[in-house]
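*Asks:* So here's start.cif (mmCIF, C-alpha atoms and all ligand atoms).
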```cif
data_entry
loop_
_atom_site.group_PDB
_atom_site.id
_atom_site.type_symbol
_atom_site.label_atom_id
_atom_site.label_comp_id
_atom_site.auth_asym_id
_atom_site.auth_seq_id
_atom_site.Cartn_x
_atom_site.Cartn_y
_atom_site.Cartn_z
ATOM 1 C CA MET A 1 21.403 24.545 14.780
ATOM 2 C CA THR A 2 18.042 25.037 13.158
ATOM 3 C CA GLU A 3 16.581 21.810 11.928
ATOM 4 C CA ARG A 4 15.538 21.546 8.335
ATOM 5 C CA VAL A 5 12.114 20.497 7.104
ATOM 6 C CA ARG A 6 11.373 19.600 3.500
ATOM 7 C CA VAL A 7 8.282 21.146 1.964
ATOM 8 C CA TYR A 8 7.231 18.951 -0.958
ATOM 9 C CA GLU A 9 5.051 21.002 -3.295
ATOM 10 C CA VAL A 10 2.172 19.128 -4.922
ATOM 11 C CA GLY A 11 0.179 22.049 -6.354
ATOM 12 C CA PRO A 12 0.943 21.634 -10.061
ATOM 13 C CA ARG A 13 0.053 17.924 -10.008
ATOM 14 C CA ASP A 14 -2.196 16.909 -7.113
ATOM 15 C CA GLY A 15 -3.607 20.421 -6.788
ATOM 16 C CA LEU A 16 -4.484 21.048 -10.400
ATOM 17 C CA GLN A 17 -5.617 17.531 -11.314
ATOM 18 C CA ASN A 18 -8.955 18.027 -9.558
ATOM 19 C CA GLU A 19 -9.543 21.515 -10.948
ATOM 20 C CA SER A 20 -12.043 21.680 -13.795
ATOM 21 C CA VAL A 21 -11.033 25.094 -15.194
ATOM 22 C CA PRO A 22 -8.615 24.271 -18.031
ATOM 23 C CA ILE A 23 -5.182 25.817 -17.402
ATOM 24 C CA PRO A 24 -2.895 26.486 -20.392
ATOM 25 C CA THR A 25 0.463 24.700 -20.385
ATOM 26 C CA ALA A 26 2.369 28.003 -20.339
ATOM 27 C CA THR A 27 0.448 29.073 -17.220
ATOM 28 C CA LYS A 28 1.386 25.827 -15.480
ATOM 29 C CA ALA A 29 5.028 26.323 -16.443
ATOM 30 C CA ARG A 30 4.914 29.875 -15.062
ATOM 31 C CA PHE A 31 3.317 28.608 -11.843
ATOM 32 C CA ILE A 32 6.164 26.110 -11.454
ATOM 33 C CA ASP A 33 8.720 28.887 -12.115
ATOM 34 C CA LEU A 34 7.135 30.985 -9.355
ATOM 35 C CA LEU A 35 7.268 28.017 -6.980
ATOM 36 C CA THR A 36 10.935 27.541 -7.806
ATOM 37 C CA GLU A 37 11.555 31.262 -7.211
ATOM 38 C CA ALA A 38 9.838 30.918 -3.825
ATOM 39 C CA GLY A 39 12.572 28.488 -2.791
ATOM 40 C CA LEU A 40 10.679 25.229 -3.134
ATOM 41 C CA ARG A 41 13.138 22.487 -4.022
ATOM 42 C CA GLU A 42 10.753 19.592 -4.692
ATOM 43 C CA ILE A 43 7.871 20.377 -6.992
ATOM 44 C CA GLU A 44 5.704 17.548 -8.282
ATOM 45 C CA ALA A 45 5.145 18.836 -11.779
ATOM 46 C CA THR A 46 2.543 16.665 -13.514
ATOM 47 C CA SER A 47 1.291 13.158 -14.126
ATOM 48 C CA PHE A 48 1.880 10.655 -16.917
ATOM 49 C CA VAL A 49 -1.327 8.711 -16.397
ATOM 50 C CA ALA A 50 -3.426 8.072 -19.506
ATOM 51 C CA PRO A 51 -4.308 11.530 -20.911
ATOM 52 C CA ASN A 52 -8.044 10.782 -20.947
ATOM 53 C CA ALA A 53 -7.969 9.782 -17.255
ATOM 54 C CA ILE A 54 -7.009 13.287 -16.094
ATOM 55 C CA PRO A 55 -7.679 15.798 -18.899
ATOM 56 C CA GLN A 56 -6.193 18.681 -16.867
ATOM 57 C CA LEU A 57 -2.781 16.987 -16.989
ATOM 58 C CA ALA A 58 -3.006 15.638 -20.544
ATOM 59 C CA ASP A 59 -0.306 18.154 -21.535
ATOM 60 C CA ALA A 60 2.331 16.471 -19.332
ATOM 61 C CA ASP A 61 4.695 15.831 -22.254
ATOM 62 C CA ASP A 62 4.575 19.462 -23.424
ATOM 63 C CA LEU A 63 4.855 20.846 -19.902
ATOM 64 C CA MET A 64 7.969 18.824 -19.117
ATOM 65 C CA ARG A 65 9.566 19.938 -22.337
ATOM 66 C CA ASP A 66 8.744 23.606 -21.651
ATOM 67 C CA LEU A 67 9.832 23.523 -18.035
ATOM 68 C CA VAL A 68 12.961 25.481 -17.173
ATOM 69 C CA ARG A 69 14.656 23.257 -14.622
ATOM 70 C CA ALA A 70 16.456 25.204 -11.944
ATOM 71 C CA PRO A 71 19.630 23.644 -10.556
ATOM 72 C CA GLY A 72 19.097 21.805 -7.301
ATOM 73 C CA VAL A 73 15.350 21.493 -7.792
ATOM 74 C CA ARG A 74 13.630 18.143 -8.193
ATOM 75 C CA TYR A 75 10.551 17.981 -10.428
ATOM 76 C CA PRO A 76 9.018 14.521 -9.864
ATOM 77 C CA VAL A 77 6.190 13.300 -12.076
ATOM 78 C CA LEU A 78 3.531 10.725 -11.276
ATOM 79 C CA VAL A 79 3.718 7.542 -13.339
ATOM 80 C CA PRO A 80 1.234 4.662 -13.047
ATOM 81 C CA ASN A 81 3.195 1.993 -14.936
ATOM 82 C CA LEU A 82 5.959 1.327 -17.465
ATOM 83 C CA ARG A 83 4.043 3.049 -20.255
ATOM 84 C CA GLY A 84 3.831 6.220 -18.161
ATOM 85 C CA PHE A 85 7.493 5.858 -17.261
ATOM 86 C CA GLU A 86 8.465 5.729 -20.924
ATOM 87 C CA ARG A 87 6.517 8.907 -21.657
ATOM 88 C CA ALA A 88 8.148 10.586 -18.645
ATOM 89 C CA GLU A 89 11.570 9.507 -19.848
ATOM 90 C CA ALA A 90 10.932 10.864 -23.343
ATOM 91 C CA ALA A 91 9.830 14.162 -21.822
ATOM 92 C CA GLY A 92 13.032 14.507 -19.808
ATOM 93 C CA ALA A 93 11.879 13.604 -16.290
ATOM 94 C CA ASP A 94 14.356 12.228 -13.770
ATOM 95 C CA ALA A 95 12.258 11.688 -10.642
ATOM 96 C CA ILE A 96 8.997 9.779 -10.254
ATOM 97 C CA ALA A 97 6.184 9.138 -7.863
ATOM 98 C CA VAL A 98 3.844 6.149 -7.850
ATOM 99 C CA PHE A 99 0.436 6.054 -6.202
ATOM 100 C CA THR A 100 -1.356 3.310 -4.334
ATOM 101 C CA ALA A 101 -3.470 3.110 -1.184
ATOM 102 C CA THR A 102 -4.282 0.930 1.804
ATOM 103 C CA THR A 103 -7.538 -0.569 0.529
ATOM 104 C CA ASP A 104 -8.526 -2.456 -2.603
ATOM 105 C CA ALA A 105 -11.831 -0.593 -2.627
ATOM 106 C CA PHE A 106 -10.057 2.752 -2.995
ATOM 107 C CA THR A 107 -7.461 1.699 -5.565
ATOM 108 C CA THR A 108 -10.098 -0.121 -7.633
ATOM 109 C CA ALA A 109 -12.284 2.997 -7.729
ATOM 110 C CA ASN A 110 -9.318 5.302 -8.331
ATOM 111 C CA ILE A 111 -6.879 3.467 -10.576
ATOM 112 C CA GLY A 112 -8.786 0.321 -11.565
ATOM 113 C CA MET A 113 -6.449 -2.080 -9.772
ATOM 114 C CA THR A 114 -6.209 -3.801 -6.418
ATOM 115 C CA VAL A 115 -3.336 -2.729 -4.190
ATOM 116 C CA ALA A 116 -1.400 -5.873 -5.172
ATOM 117 C CA GLU A 117 -2.070 -5.254 -8.850
ATOM 118 C CA SER A 118 -0.855 -1.675 -8.512
ATOM 119 C CA LEU A 119 2.390 -2.858 -6.941
ATOM 120 C CA ALA A 120 2.859 -5.298 -9.819
ATOM 121 C CA ALA A 121 2.266 -2.470 -12.302
ATOM 122 C CA PHE A 122 4.876 -0.268 -10.580
ATOM 123 C CA ARG A 123 7.586 -2.899 -10.498
ATOM 124 C CA PRO A 124 8.911 -2.528 -14.067
ATOM 125 C CA ALA A 125 8.738 1.277 -13.858
ATOM 126 C CA LEU A 126 10.552 1.318 -10.513
ATOM 127 C CA ASP A 127 13.119 -1.218 -11.746
ATOM 128 C CA ARG A 128 13.923 1.078 -14.613
ATOM 129 C CA ALA A 129 14.004 4.166 -12.393
ATOM 130 C CA VAL A 130 16.453 2.367 -10.098
ATOM 131 C CA SER A 131 18.679 1.463 -13.044
ATOM 132 C CA PHE A 132 18.596 5.088 -14.274
ATOM 133 C CA GLY A 133 19.338 6.431 -10.808
ATOM 134 C CA TRP A 134 16.110 8.454 -10.727
ATOM 135 C CA TRP A 135 14.647 9.582 -7.405
ATOM 136 C CA ARG A 136 11.578 7.508 -6.467
ATOM 137 C CA ARG A 137 8.669 8.271 -4.173
ATOM 138 C CA ALA A 138 5.521 6.249 -3.414
ATOM 139 C CA TYR A 139 2.213 7.404 -2.004
ATOM 140 C CA VAL A 140 0.262 5.294 0.444
ATOM 141 C CA SER A 141 -3.130 6.978 0.201
ATOM 142 C CA THR A 142 -6.056 6.479 2.582
ATOM 143 C CA ALA A 143 -3.445 5.988 5.320
ATOM 144 C CA PHE A 144 -5.960 6.756 8.107
ATOM 145 C CA GLY A 145 -9.321 6.146 6.490
ATOM 146 C CA CYS A 146 -10.999 5.098 3.245
ATOM 147 C CA PRO A 147 -14.177 6.628 1.796
ATOM 148 C CA TYR A 148 -15.474 3.130 0.973
ATOM 149 C CA THR A 149 -14.364 0.931 3.883
ATOM 150 C CA GLY A 150 -13.819 3.254 6.845
ATOM 151 C CA ARG A 151 -11.053 3.377 9.403
ATOM 152 C CA VAL A 152 -7.591 2.122 8.454
ATOM 153 C CA GLY A 153 -5.189 1.036 11.178
ATOM 154 C CA PRO A 154 -1.473 1.854 11.121
ATOM 155 C CA ALA A 155 -0.467 -1.771 10.586
ATOM 156 C CA ARG A 156 -2.037 -1.802 7.123
ATOM 157 C CA ALA A 157 -0.433 1.503 6.072
ATOM 158 C CA VAL A 158 2.959 0.239 7.245
ATOM 159 C CA GLU A 159 2.474 -3.070 5.421
ATOM 160 C CA VAL A 160 1.868 -1.294 2.101
ATOM 161 C CA ALA A 161 4.793 1.078 2.749
ATOM 162 C CA LEU A 162 7.134 -1.864 3.341
ATOM 163 C CA SER A 163 6.033 -3.459 0.046
ATOM 164 C CA LEU A 164 6.846 -0.212 -1.755
ATOM 165 C CA LEU A 165 10.250 0.103 -0.091
ATOM 166 C CA ASP A 166 10.917 -3.495 -1.182
ATOM 167 C CA LEU A 167 10.249 -2.345 -4.755
ATOM 168 C CA GLY A 168 13.033 0.214 -4.418
ATOM 169 C CA VAL A 169 11.377 3.534 -3.613
ATOM 170 C CA ASP A 170 13.469 6.129 -1.788
ATOM 171 C CA GLU A 171 10.576 7.568 0.179
ATOM 172 C CA VAL A 172 7.057 6.629 1.210
ATOM 173 C CA CYS A 173 4.471 9.329 1.705
ATOM 174 C CA PHE A 174 1.422 8.549 3.833
ATOM 175 C CA GLY A 175 -1.608 10.392 2.521
ATOM 176 C CA ASP A 176 -4.713 11.346 4.480
ATOM 177 C CA THR A 177 -6.771 11.370 1.315
ATOM 178 C CA ILE A 178 -10.111 12.252 2.880
ATOM 179 C CA GLY A 179 -8.739 14.366 5.725
ATOM 180 C CA VAL A 180 -9.930 12.266 8.653
ATOM 181 C CA GLY A 181 -6.696 11.715 10.575
ATOM 182 C CA VAL A 182 -5.862 13.334 13.921
ATOM 183 C CA PRO A 183 -2.524 13.880 15.697
ATOM 184 C CA SER A 184 -2.693 10.751 17.869
ATOM 185 C CA GLN A 185 -3.019 8.662 14.693
ATOM 186 C CA VAL A 186 -0.051 10.428 13.105
ATOM 187 C CA ALA A 187 2.039 9.626 16.170
ATOM 188 C CA ALA A 188 0.866 6.004 16.176
ATOM 189 C CA LEU A 189 1.540 5.492 12.469
ATOM 190 C CA THR A 190 5.008 7.049 12.693
ATOM 191 C CA ARG A 191 5.880 4.912 15.708
ATOM 192 C CA GLN A 192 4.689 1.744 14.013
ATOM 193 C CA ALA A 193 6.590 2.573 10.819
ATOM 194 C CA VAL A 194 9.803 3.195 12.741
ATOM 195 C CA ASP A 195 9.293 -0.028 14.696
ATOM 196 C CA ALA A 196 8.942 -1.842 11.357
ATOM 197 C CA GLY A 197 12.336 -0.507 10.301
ATOM 198 C CA ILE A 198 11.320 2.464 8.152
ATOM 199 C CA ALA A 199 13.798 5.306 8.701
ATOM 200 C CA LEU A 200 12.285 8.681 9.563
ATOM 201 C CA ASP A 201 14.120 10.318 6.651
ATOM 202 C CA ARG A 202 12.391 7.973 4.209
ATOM 203 C CA MET A 203 8.926 8.976 5.400
ATOM 204 C CA ALA A 204 6.675 11.888 4.487
ATOM 205 C CA PHE A 205 3.111 12.942 5.218
ATOM 206 C CA HIS A 206 0.485 14.343 2.867
ATOM 207 C CA PHE A 207 -2.267 15.863 4.964
ATOM 208 C CA HIS A 208 -5.592 17.218 3.807
ATOM 209 C CA ASP A 209 -7.334 19.995 5.688
ATOM 210 C CA THR A 210 -10.829 18.712 4.962
ATOM 211 C CA ARG A 211 -11.750 18.703 8.645
ATOM 212 C CA GLY A 212 -9.270 21.323 9.808
ATOM 213 C CA THR A 213 -6.691 18.904 11.213
ATOM 214 C CA ALA A 214 -3.844 19.276 8.707
ATOM 215 C CA LEU A 215 -1.563 21.624 10.649
ATOM 216 C CA ALA A 216 -2.193 19.830 13.922
ATOM 217 C CA ASN A 217 -1.157 16.653 12.119
ATOM 218 C CA VAL A 218 1.998 18.329 10.768
ATOM 219 C CA SER A 219 2.844 19.327 14.311
ATOM 220 C CA ALA A 220 2.377 15.735 15.479
ATOM 221 C CA GLY A 221 4.552 14.530 12.595
ATOM 222 C CA LEU A 222 7.309 16.979 13.548
ATOM 223 C CA ASP A 223 7.124 15.857 17.176
ATOM 224 C CA ALA A 224 7.421 12.261 15.994
ATOM 225 C CA GLY A 225 10.552 13.081 13.972
ATOM 226 C CA VAL A 226 9.201 13.257 10.412
ATOM 227 C CA ARG A 227 10.814 16.051 8.394
ATOM 228 C CA CYS A 228 8.962 16.071 5.056
ATOM 229 C CA PHE A 229 5.433 17.365 4.468
ATOM 230 C CA ASP A 230 3.425 17.848 1.295
ATOM 231 C CA ALA A 231 1.496 21.005 0.564
ATOM 232 C CA SER A 232 -0.203 22.755 -2.329
ATOM 233 C CA THR A 233 0.349 26.454 -2.977
ATOM 234 C CA GLY A 234 -2.992 28.235 -3.017
ATOM 235 C CA GLY A 235 -4.616 25.141 -1.489
ATOM 236 C CA THR A 236 -5.728 23.970 -4.925
ATOM 237 C CA GLY A 237 -7.445 20.667 -5.440
ATOM 238 C CA GLY A 238 -10.353 20.695 -3.051
ATOM 239 C CA CYS A 239 -11.625 17.377 -1.770
ATOM 240 C CA PRO A 240 -13.287 15.142 -4.388
ATOM 241 C CA TYR A 241 -15.004 13.212 -1.565
ATOM 242 C CA ALA A 242 -16.446 16.297 0.142
ATOM 243 C CA PRO A 243 -17.500 18.844 -2.480
ATOM 244 C CA GLY A 244 -16.636 22.402 -1.497
ATOM 245 C CA ALA A 245 -14.352 21.344 1.350
ATOM 246 C CA ALA A 246 -10.606 21.894 1.559
ATOM 247 C CA GLY A 247 -8.261 19.214 0.330
ATOM 248 C CA ASN A 248 -4.523 19.696 0.257
ATOM 249 C CA LEU A 249 -2.896 21.620 3.065
ATOM 250 C CA ALA A 250 -1.891 25.008 1.624
ATOM 251 C CA THR A 251 1.846 25.608 1.294
ATOM 252 C CA GLU A 252 1.464 29.157 2.629
ATOM 253 C CA ASP A 253 -0.229 27.846 5.782
ATOM 254 C CA LEU A 254 2.502 25.229 6.270
ATOM 255 C CA VAL A 255 5.358 27.684 5.648
ATOM 256 C CA TYR A 256 3.897 30.192 8.114
ATOM 257 C CA LEU A 257 3.787 27.497 10.811
ATOM 258 C CA LEU A 258 7.337 26.326 10.083
ATOM 259 C CA ASP A 259 8.785 29.871 9.994
ATOM 260 C CA ALA A 260 7.079 30.993 13.170
ATOM 261 C CA SER A 261 8.144 27.796 14.942
ATOM 262 C CA GLY A 262 11.793 28.227 13.991
ATOM 263 C CA TRP A 263 12.090 25.436 11.441
ATOM 264 C CA GLU A 264 14.283 26.024 8.401
ATOM 265 C CA SER A 265 12.578 25.173 5.101
ATOM 266 C CA GLY A 266 14.354 27.479 2.650
ATOM 267 C CA VAL A 267 10.942 28.542 1.365
ATOM 268 C CA ASP A 268 10.035 32.226 1.238
ATOM 269 C CA LEU A 269 6.476 32.945 2.358
ATOM 270 C CA GLY A 270 6.213 36.054 0.194
ATOM 271 C CA GLY A 271 7.212 34.049 -2.870
ATOM 272 C CA VAL A 272 4.649 31.372 -2.051
ATOM 273 C CA LEU A 273 1.930 34.012 -1.688
ATOM 274 C CA THR A 274 2.871 35.447 -5.093
ATOM 275 C CA ALA A 275 2.521 31.972 -6.640
ATOM 276 C CA ALA A 276 -0.717 31.369 -4.714
ATOM 277 C CA ARG A 277 -2.288 34.567 -6.039
ATOM 278 C CA PHE A 278 -1.097 33.706 -9.532
ATOM 279 C CA ILE A 279 -2.769 30.292 -9.558
ATOM 280 C CA ALA A 280 -5.949 31.596 -7.891
ATOM 281 C CA ASP A 281 -6.199 34.198 -10.686
ATOM 282 C CA ALA A 282 -5.622 31.529 -13.307
ATOM 283 C CA LEU A 283 -8.455 29.498 -11.772
ATOM 284 C CA GLY A 284 -10.629 32.599 -11.676
ATOM 285 C CA ARG A 285 -11.377 32.656 -7.975
ATOM 286 C CA PRO A 286 -10.258 34.349 -4.762
ATOM 287 C CA LEU A 287 -7.494 32.895 -2.660
ATOM 288 C CA THR A 288 -9.277 31.242 0.276
ATOM 289 C CA THR A 289 -6.402 29.756 2.265
ATOM 290 C CA LYS A 290 -5.845 31.052 5.794
ATOM 291 C CA VAL A 291 -2.476 32.753 5.258
ATOM 292 C CA GLY A 292 -3.462 33.622 1.690
ATOM 293 C CA GLN A 293 -6.172 35.823 3.155
ATOM 294 C CA ALA A 294 -4.486 37.099 6.322
ATOM 295 C CA GLY A 295 -0.964 37.430 4.920
ATOM 296 C CA GLY A 296 2.179 36.810 6.933
ATOM 297 C CA TRP A 297 2.926 38.711 10.126
ATOM 298 C CA ASP A 298 5.790 40.933 11.169
ATOM 299 C CA PRO A 299 6.546 40.271 14.849
ATOM 300 C CA ALA A 300 8.680 43.439 15.015
ATOM 301 C CA THR A 301 5.764 45.754 14.271
ATOM 302 C CA GLY A 302 2.648 43.629 14.649
ATOM 303 C CA ALA A 303 1.663 44.353 11.069
ATOM 304 C CA SER A 304 0.022 41.873 8.783
ATOM 305 C CA LEU A 305 2.202 41.279 5.735
ATOM 306 C CA ARG A 306 -0.338 40.973 2.973
ATOM 307 C CA ASP A 307 2.004 42.545 0.472
ATOM 308 C CA LEU A 308 4.986 40.311 1.095
HETATM 309 MG MG MG B 401 -3.737 15.608 -1.983
#
```
Take the structure I supplied and represent it as structure tokens, if you would.

*Replies:*
Amino acid sequence: MTERVRVYEVGPRDGLQNESVPIPTATKARFIDLLTEAGLREIEATSFVAPNAIPQLADADDLMRDLVRAPGVRYPVLVPNLRGFERAEAAGADAIAVFTATTDAFTTANIGMTVAESLAAFRPALDRAVSFGWWRRAYVSTAFGCPYTGRVGPARAVEVALSLLDLGVDEVCFGDTIGVGVPSQVAALTRQAVDAGIALDRMAFHFHDTRGTALANVSAGLDAGVRCFDASTGGTGGCPYAPGAAGNLATEDLVYLLDASGWESGVDLGGVLTAARFIADALGRPLTTKVGQAGGWDPATGASLRDL
């Protein structure tokens, strides 16, 4: 039997939040529709942080109201605290993600709180999500390295993940925020997490391709037994810590690897490429991801499938 891998789409939220070209709400809703049509079943839609903190996502309330929710698709939204949770609830959300990191230096710069303070801020939001039966995910960013303090060992990432699981999250996602991790570190972190009692099906990875290691890291994660990986259609987002460099792993690059390796994701590469071209057009720039440029490939004929 073919094993299934979850592709968790972060383009509309993590991808767009760093993009400076303003995108109309209707365009974002259309992008999400195209992602749904491509077979993605988990699409992080937007963020309910303070509107002035991330102007690109200040339309979160309108977007969630406009969104046509397809059956069987989860549309999580990022919430920083109870206030964000209440806005998400009013807008009709039913799945949330919270965001912290391994180092106080990073969280202080990013969200104005220490790691411990961020956990305290999540608690009432997660308590309420638990009581509502909402799906709950938590990000552990800077899982391998921090732009302010350097290398991060697996013990610290696991420690933060355990605190989040104690708060009632369903899944922890380890993020390589600055794209410095390599496969041996992915293997070591997974092993240490499993040894600490974290089940493989409650773990995900969010790799950045800043230094070209994202797919190698996915491969290491698969070998280690992890079955959920984040990606951003069209590779949107860039890397705020390395201007001009890649950030999020592109969904089309991930789906090509999974398909060609025999993993079942339920995601259609042609549909992803359609959505990738759509968002690249909306941002007014060419699609620069690997598979976005080369297209898929037909092993029966040898032809490149640019027009999937
Ligand atoms: Mg990212």

*Asks:* Between A:Gly92, A:Gly302, A:Gly247, A:Gly197, which residue has the minimum interatomic distance to ligand MG 401 (chain B), considering only C-alpha atoms and all ligand atoms?

*Replies:* A:Gly247

*Asks:* Separation of CA of Gly11 in chain A and CA of Thr233 in chain A, in Å?

*Replies:*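 CA of Thr233 in chain A lies at a distance of 5.6 Å from CA of Gly11 in chain A.
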
*Asks:* Do you know which residues the PyMOL selection byres (((chain A and resi 96-101) around 9) and not hetatm) returns on this file, as a ChimeraX atom specification?

*Replies:* /A:44,47,75-81,85,88,93-95,102-104,106-107,111,114-115,118-119,122,126,129,134-143,146,157,160,169,174-175

*Asks:* Since we have the selection now, will you write its residues out, keeping C-alpha atoms, as a short mmCIF file (atom, residue, chain, number, x, y, z; two decimals), in the frame of the given file?

*Replies:*
```cif
data_model
loop_
_atom_site.label_atom_id
_atom_site.label_comp_id
_atom_site.auth_asym_id
_atom_site.auth_seq_id
_atom_site.Cartn_x
_atom_site.Cartn_y
_atom_site.Cartn_z
CA GLU A 44 5.70 17.55 -8.28
CA SER A 47 1.29 13.16 -14.13
CA TYR A 75 10.55 17.98 -10.43
CA PRO A 76 9.02 14.52 -9.86
CA VAL A 77 6.19 13.30 -12.08
CA LEU A 78 3.53 10.72 -11.28
CA VAL A 79 3.72 7.54 -13.34
CA PRO A 80 1.23 4.66 -13.05
CA ASN A 81 3.20 1.99 -14.94
CA PHE A 85 7.49 5.86 -17.26
CA ALA A 88 8.15 10.59 -18.64
CA ALA A 93 11.88 13.60 -16.29
CA ASP A 94 14.36 12.23 -13.77
CA ALA A 95 12.26 11.69 -10.64
CA THR A 102 -4.28 0.93 1.80
CA THR A 103 -7.54 -0.57 0.53
CA ASP A 104 -8.53 -2.46 -2.60
CA PHE A 106 -10.06 2.75 -3.00
CA THR A 107 -7.46 1.70 -5.56
CA ILE A 111 -6.88 3.47 -10.58
CA THR A 114 -6.21 -3.80 -6.42
CA VAL A 115 -3.34 -2.73 -4.19
CA SER A 118 -0.86 -1.68 -8.51
CA LEU A 119 2.39 -2.86 -6.94
CA PHE A 122 4.88 -0.27 -10.58
CA LEU A 126 10.55 1.32 -10.51
CA ALA A 129 14.00 4.17 -12.39
CA TRP A 134 16.11 8.45 -10.73
CA TRP A 135 14.65 9.58 -7.40
CA ARG A 136 11.58 7.51 -6.47
CA ARG A 137 8.67 8.27 -4.17
CA ALA A 138 5.52 6.25 -3.41
CA TYR A 139 2.21 7.40 -2.00
CA VAL A 140 0.26 5.29 0.44
CA SER A 141 -3.13 6.98 0.20
CA THR A 142 -6.06 6.48 2.58
CA ALA A 143 -3.44 5.99 5.32
CA CYS A 146 -11.00 5.10 3.24
CA ALA A 157 -0.43 1.50 6.07
CA VAL A 160 1.87 -1.29 2.10
CA VAL A 169 11.38 3.53 -3.61
CA PHE A 174 1.42 8.55 3.83
CA GLY A 175 -1.61 10.39 2.52
#
```

*Asks:* Quick one: residues within 7 Å of Val5 in chain A, only C-alpha atoms counted, chain neighbours fewer than 2 positions away excluded, as a list in words?

*Replies:*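 Contacts, in chain order: Glu3, Val7, Arg227, Cys228, Trp263, Glu264 and Ser265 of chain A.
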
*Asks:* Once the PyMOL selection byres (((chain A and resi 45) around 12) and not hetatm) has been applied to the shown file, what residues remain in the selection, as a ChimeraX atom specification?

*Replies:* /A:8-17,25,28-33,35-36,41-44,46-48,57,59-69,73-79,88,93-97,232

*Asks:* Grab the residues selected above and save them as a PDB file, in the coordinates of the input with C-alpha atoms.

*Replies:*
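What ended up in part_11.pdb:
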```
ATOM      1  CA  TYR A   8       7.231  18.951  -0.958  1.00  0.00           C
ATOM      2  CA  GLU A   9       5.051  21.002  -3.295  1.00  0.00           C
ATOM      3  CA  VAL A  10       2.172  19.128  -4.922  1.00  0.00           C
ATOM      4  CA  GLY A  11       0.179  22.049  -6.354  1.00  0.00           C
ATOM      5  CA  PRO A  12       0.943  21.634 -10.061  1.00  0.00           C
ATOM      6  CA  ARG A  13       0.053  17.924 -10.008  1.00  0.00           C
ATOM      7  CA  ASP A  14      -2.196  16.909  -7.113  1.00  0.00           C
ATOM      8  CA  GLY A  15      -3.607  20.421  -6.788  1.00  0.00           C
ATOM      9  CA  LEU A  16      -4.484  21.048 -10.400  1.00  0.00           C
ATOM     10  CA  GLN A  17      -5.617  17.531 -11.314  1.00  0.00           C
ATOM     11  CA  THR A  25       0.463  24.700 -20.385  1.00  0.00           C
ATOM     12  CA  LYS A  28       1.386  25.827 -15.480  1.00  0.00           C
ATOM     13  CA  ALA A  29       5.028  26.323 -16.443  1.00  0.00           C
ATOM     14  CA  ARG A  30       4.914  29.875 -15.062  1.00  0.00           C
ATOM     15  CA  PHE A  31       3.317  28.608 -11.843  1.00  0.00           C
ATOM     16  CA  ILE A  32       6.164  26.110 -11.454  1.00  0.00           C
ATOM     17  CA  ASP A  33       8.720  28.887 -12.115  1.00  0.00           C
ATOM     18  CA  LEU A  35       7.268  28.017  -6.980  1.00  0.00           C
ATOM     19  CA  THR A  36      10.935  27.541  -7.806  1.00  0.00           C
ATOM     20  CA  ARG A  41      13.138  22.487  -4.022  1.00  0.00           C
ATOM     21  CA  GLU A  42      10.753  19.592  -4.692  1.00  0.00           C
ATOM     22  CA  ILE A  43       7.871  20.377  -6.992  1.00  0.00           C
ATOM     23  CA  GLU A  44       5.704  17.548  -8.282  1.00  0.00           C
ATOM     24  CA  THR A  46       2.543  16.665 -13.514  1.00  0.00           C
ATOM     25  CA  SER A  47       1.291  13.158 -14.126  1.00  0.00           C
ATOM     26  CA  PHE A  48       1.880  10.655 -16.917  1.00  0.00           C
ATOM     27  CA  LEU A  57      -2.781  16.987 -16.989  1.00  0.00           C
ATOM     28  CA  ASP A  59      -0.306  18.154 -21.535  1.00  0.00           C
ATOM     29  CA  ALA A  60       2.331  16.471 -19.332  1.00  0.00           C
ATOM     30  CA  ASP A  61       4.695  15.831 -22.254  1.00  0.00           C
ATOM     31  CA  ASP A  62       4.575  19.462 -23.424  1.00  0.00           C
ATOM     32  CA  LEU A  63       4.855  20.846 -19.902  1.00  0.00           C
ATOM     33  CA  MET A  64       7.969  18.824 -19.117  1.00  0.00           C
ATOM     34  CA  ARG A  65       9.566  19.938 -22.337  1.00  0.00           C
ATOM     35  CA  ASP A  66       8.744  23.606 -21.651  1.00  0.00           C
ATOM     36  CA  LEU A  67       9.832  23.523 -18.035  1.00  0.00           C
ATOM     37  CA  VAL A  68      12.961  25.481 -17.173  1.00  0.00           C
ATOM     38  CA  ARG A  69      14.656  23.257 -14.622  1.00  0.00           C
ATOM     39  CA  VAL A  73      15.350  21.493  -7.792  1.00  0.00           C
ATOM     40  CA  ARG A  74      13.630  18.143  -8.193  1.00  0.00           C
ATOM     41  CA  TYR A  75      10.551  17.981 -10.428  1.00  0.00           C
ATOM     42  CA  PRO A  76       9.018  14.521  -9.864  1.00  0.00           C
ATOM     43  CA  VAL A  77       6.190  13.300 -12.076  1.00  0.00           C
ATOM     44  CA  LEU A  78       3.531  10.725 -11.276  1.00  0.00           C
ATOM     45  CA  VAL A  79       3.718   7.542 -13.339  1.00  0.00           C
ATOM     46  CA  ALA A  88       8.148  10.586 -18.645  1.00  0.00           C
ATOM     47  CA  ALA A  93      11.879  13.604 -16.290  1.00  0.00           C
ATOM     48  CA  ASP A  94      14.356  12.228 -13.770  1.00  0.00           C
ATOM     49  CA  ALA A  95      12.258  11.688 -10.642  1.00  0.00           C
ATOM     50  CA  ILE A  96       8.997   9.779 -10.254  1.00  0.00           C
ATOM     51  CA  ALA A  97       6.184   9.138  -7.863  1.00  0.00           C
ATOM     52  CA  SER A 232      -0.203  22.755  -2.329  1.00  0.00           C
TER      53      SER A 232
END
```

*Asks:* Name the residues, using the chain letters and numbers of the file, that sit within 6 Å of (2.1, 11.4, 19.5) when counting only C-alpha atoms, and give them as a ChimeraX atom specification.

*Replies:* /A:184,187,220
